[in-house]
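Below is one structure, written out as structure tokens; the observations come after it.
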Amino acid sequence: MSHMDGINKRALFSDETEDYRCPAEPDAGDEVLLRFRTAKGDADAVFLVEENSLRERKLELEPAAEEAAEDRFDFFRIRVRMTAQRYGYCFRIEKGGEVCWYTKTGPADSAGWDTAFRIAPGFKTPDWAKGAVMYQIFVDRFRNGNSVNNVKDGEYIYVNKQPVHHVEDWHQYPDALDVNNFYGGDLQGVLDKLDYIKSLGVEVIYFNPLFVSPSNHKYDIQDYDYIDPHFGRIINDSEKTVAAGESNRDARSYITRVTDRVNLEASNAFFAQVVEAIHAKGMRVILDGVFNHCGSFNKWMDREQIYEKQEGYEKGAYIAEDSPYREYFRFTGGQWPYNDHYDGWWGYETLPKLNYEGSRELYDYIMRIGKKWVSPPYNVDGWRLDVAADLGHSESFNHQFWRDFRKAVKEAKPDALILAEHYGDPSSWLQGDQWDTVMNYDAFMEPLTWFLTGMEKHSDERHDELCGDGELFFRTILHHMSRFYGQSLQVAMNELSNHDHSRFLTRTNRTVGRTGSLGPEAAEKDVKKSILRMAVAVQMTWPGAPTIYYGDEAGLCGWTDPDNRRGYPWGREDFELIEFHKYMTRIRQRSQVLKTGAFKPLLWGRNLICYGRFGKGGRVVTILNSGSEALRADIPVWEIEVKENGTMRRLMLTADDTYNSGQLDFPVKDGILSVEMPPESSMVFAEVTEEEE
């Protein structure tokens with residue numbers, strides 16, 4: 001981030017939020033107002049440069065606002081009529097003989113079309129998801145609310161021909177091979193704790209897979225039409241729900257439980273009630289859609305011969321050459337019997353890859369599933385799409401599938417969220433016709449983890465040179481943020497931890513390892529809650545949807561999968577950490593600019609990052625000192641339009657082993673906020689309005 005003399009580059013600004021693009025999500029035919037900011041009297045002219053034609057159009061200087069008593073800036077504007085085509089643009093600023101360009105990553109020496117501002121007419125993401133606080137629940141490990149639906153010891157055989165096991169000790173560490181172990185968490189447990197989840201400030205619950213599956217993670221789906229009865233309801237022979245707490249004396253087999261229509265329909269009906277209860281609390285629901293592959297237990301494959309002799313089921317592709325599901329998979333063994341040779345995701349035989357190119361029936365079925373769960377009586381609010389870029393056998397097919405999926409889901413529920421798991425550049429899927437957004441690894445989780453811990457997100461590597469490099473943090477993160485349309489960034493899932501990576505609190509010990517090499521206890525050793533609190537301060541003030549992985553708020557540790565799937569620590573919670581999360585979500589929810597406002601880096605350096613969020617709804621500053629020494633920071637808050645000699649109120653201070661939510665006012669002098677930062681600390685400030693003074 002080099003400083004260039006001449007034009008005041010720090011004053012230049014435009015982005016894709018409502019204050020600088022109105023409407024921010026235009027339709028074809030709409031007239032869009034684009035605005036650009038410079039320092040007062042600092043530009044002879046500002047030009048809009050259009051990507052396709054490289055046509056330049058001069059912006060007009062706005063009349064000064066009457067209420068602007070301390071006018072540091074000039075604002076320029078231009079109106080552009082949208083067509084149905086995507087529209088790219090950047091700005092060119094002239095002063096004397098100097099020329100500066102401006103793109104999504106800030107001031108530049110050239111047009112930089114790779115980081116241009118972009119509009120996709122008609123592309124809208126759900127308003128309810130913009131900046132919303134989400135909570136991810138791995139259901140088997142959240143809470144056991146109904147012991148009747150527990151998996152029984154030895155109920156069936158799964159991976160490596162090992163029997164499944166019900167874990168009696170909720171706080172037991174997950175085994176190295178954990179997929180066969182069930183702790184008993186279920187949807188009743190979620191229902192029982194909705195008040196707790198709501199108290200965290202949560203607005204959206206994201207569930208890891210819920211559909212019928214033999215594993216605890218359920219990424220090997222057996223039946224997309226039904227909620228797994230072990231998460232839902234088990235019905236006794238008289239077709240009445242066994243009361244919670246009763247023993248299930250008939251020891252019903254897994255085959256009976258998951259193929260019995262009474263159990264399946266009862267579980268679906270119960271799930272509809274759960275969603276209704278979540279909605280009644282003012283929260284939304286996102287389901288995990290695993291459509292790249294299914295499980296070998298699936299009724300279409302039936303490798304384990306669960307459905308072969310069950311009434312009402314067709315023969316699976318593994319069982320019979322004339323199976324109606326033969327084209328659902330791609331077999332590679334030549335003539336029948338070829339059933340031992342089929343495409344598995346990453347070669348896993350328990351995860352047969354779905355062959356959409358070979359079966360229109362399969363294609364249409366998944367489109368119906370996409371619609372089914374966002375429609376009555378279930379009414380979920382969106383999908384998280386597992387390994388979405390892997391689906392299909394070609395890139396062109398993959399994109400067409402997601403275009404059709406988006407159309408199907410949005411026709412059923414126009415404000416449904418479509419959020420994909422993706423690593424790397426997502427831009428080809430975020431053009432307004434496929435996904436709404438992604439799990440934000442590249443433009444949030446990874447850069448923040450490197451800056452605060454120097455650790456890779458699995459705790460598999462440590463790079464000390466990356467830890468505390470504030471300039472690298474912003475350079476990296478701005479590049480990745482530029483790959484998003486503005487409306488995609490506002491709903492991106494910003495996580496510190498999830499079910500695939502080590503817990504963030506474990507990463508703070510800066511130890512390379514996994515549970516198999518160091519043991520689970522080592523994941524809790526030498527962790528630093530001060531670093532976690534700093535990360536949460538960023539998470540709750542960053543553009544996008546901050547997403548808490550269950551238990552992170554209560555101090556849960558864990559190496560990468562499966563150790564990151566420990567049981568929520570009921571009775572052993574870190575209540576101070578829970579309260580801290582509540583304070584931070586309140587700060588977020590009371591400030592509209594933290595949900596949809598503009599973003600601008602303000603300071604960076606060794607162990608230092610500072611940025612602002614701003615707009616009509618206010619101005620907020622977040623600053624971190626990740627080092628072991630105190631430092632003084634002079635923050636140029638004038639860059640986010642704070643009054644030249646106004647007041648900033650500190651809303652949160654985190655430091656060492658404590659935090660302080662007491663409000664304290666700081667003066668702004670000539671547009672600068674000066675603060676003394678303790679070691680390993682963060683602060684969040686908001687501008688004090690005239691009404692608050």
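Each chain of the structure tokens is named A, B, ... in the order shown, its residues numbered from 1; ligands are numbered from 1 in display order.
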Problem set entry | Exercise: region 642-658 of chain A partners within 8 Å, only C-alpha atoms, chain neighbours under 6 positions left out, as a PyMOL selection string | chain A and resi 70+529-530+533-534+587+619+664-673+678-688
Give me, as JSON lines, the closest atom pair and its distance (Å, one decimal) for every residue of region 112-213 of chain A within a cut-off of 12 Å of region 383-402 of chain A, counting only C-alpha atoms, rows sorted by chain and rising number.
{"residue": "A:Gln136", "atom": "CA", "partner": "A:Arg384", "partner_atom": "CA", "distance": 11.0}
{"residue": "A:Val204", "atom": "CA", "partner": "A:Trp383", "partner_atom": "CA", "distance": 11.9}
{"residue": "A:Ile205", "atom": "CA", "partner": "A:Arg384", "partner_atom": "CA", "distance": 11.3}
{"residue": "A:Tyr206", "atom": "CA", "partner": "A:Arg384", "partner_atom": "CA", "distance": 8.0}
{"residue": "A:Phe207", "atom": "CA", "partner": "A:Arg384", "partner_atom": "CA", "distance": 8.9}
{"residue": "A:Asn208", "atom": "CA", "partner": "A:Arg384", "partner_atom": "CA", "distance": 8.8}
{"residue": "A:Pro209", "atom": "CA", "partner": "A:Asp386", "partner_atom": "CA", "distance": 9.6}
Would you write out those residues with C-alpha atoms, as a PDB file, in the first residue's frame?
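The resulting result.pdb:
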ATOM      1  CA  GLN A 136     -23.553 -22.807  13.204  1.00  0.00           C
ATOM      2  CA  VAL A 204     -29.733 -16.967  11.709  1.00  0.00           C
ATOM      3  CA  ILE A 205     -29.136 -20.630  12.631  1.00  0.00           C
ATOM      4  CA  TYR A 206     -27.104 -22.662  10.143  1.00  0.00           C
ATOM      5  CA  PHE A 207     -27.479 -26.418  10.624  1.00  0.00           C
ATOM      6  CA  ASN A 208     -24.902 -28.926   9.466  1.00  0.00           C
ATOM      7  CA  PRO A 209     -26.733 -31.691   7.513  1.00  0.00           C
TER       8      PRO A 209
END
Problem set entry | Close residues, region 219-223 of chain A itself excluded, 12 Å, only C-alpha atoms, min 3 positions apart in chain, as a count of residues only | 60
Exercise. So, counting only C-alpha atoms, which residue among A:Asp114, A:Asp415, A:Asp169, A:Glu314 is closest to Lys130 (chain A)?
Worked result: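 Nearest candidate to Lys130 (chain A) out of A:Asp114, A:Asp415, A:Asp169, A:Glu314: A:Asp415.
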Per-residue nearest contacts region 530-602 of chain A to region 511-515 of chain A, cut-off 9 Å, using only C-alpha atoms, as a tab-separated table:
residue	atom	partner	partner_atom	distance
A:Gly558	CA	A:Thr515	CA	8.1
A:Trp559	CA	A:Arg514	CA	5.4
A:Thr560	CA	A:Arg514	CA	6.5
A:Asp561	CA	A:Arg514	CA	8.7
A:Pro562	CA	A:Thr515	CA	8.4
A:Asp563	CA	A:Thr515	CA	6.6
Let me see the file: selected residues, N, CA and C atoms, as a compact mmCIF listing (two decimals), in the first residue's frame.
# COMPACT_ATOMS: atom_id res chain seq x y z
N GLY A 558 -10.24 -27.31 20.29
CA GLY A 558 -10.23 -28.52 19.50
C GLY A 558 -9.33 -28.41 18.29
N TRP A 559 -8.58 -29.49 18.02
CA TRP A 559 -7.82 -29.58 16.77
C TRP A 559 -8.80 -29.71 15.62
N THR A 560 -8.27 -29.88 14.43
CA THR A 560 -9.14 -30.00 13.26
C THR A 560 -9.96 -31.30 13.33
N ASP A 561 -10.89 -31.44 12.40
CA ASP A 561 -11.81 -32.58 12.32
C ASP A 561 -11.10 -33.89 12.65
N PRO A 562 -11.62 -34.66 13.63
CA PRO A 562 -12.92 -34.53 14.29
C PRO A 562 -12.91 -33.83 15.65
N ASP A 563 -11.73 -33.37 16.11
CA ASP A 563 -11.66 -32.82 17.46
C ASP A 563 -12.41 -31.50 17.58
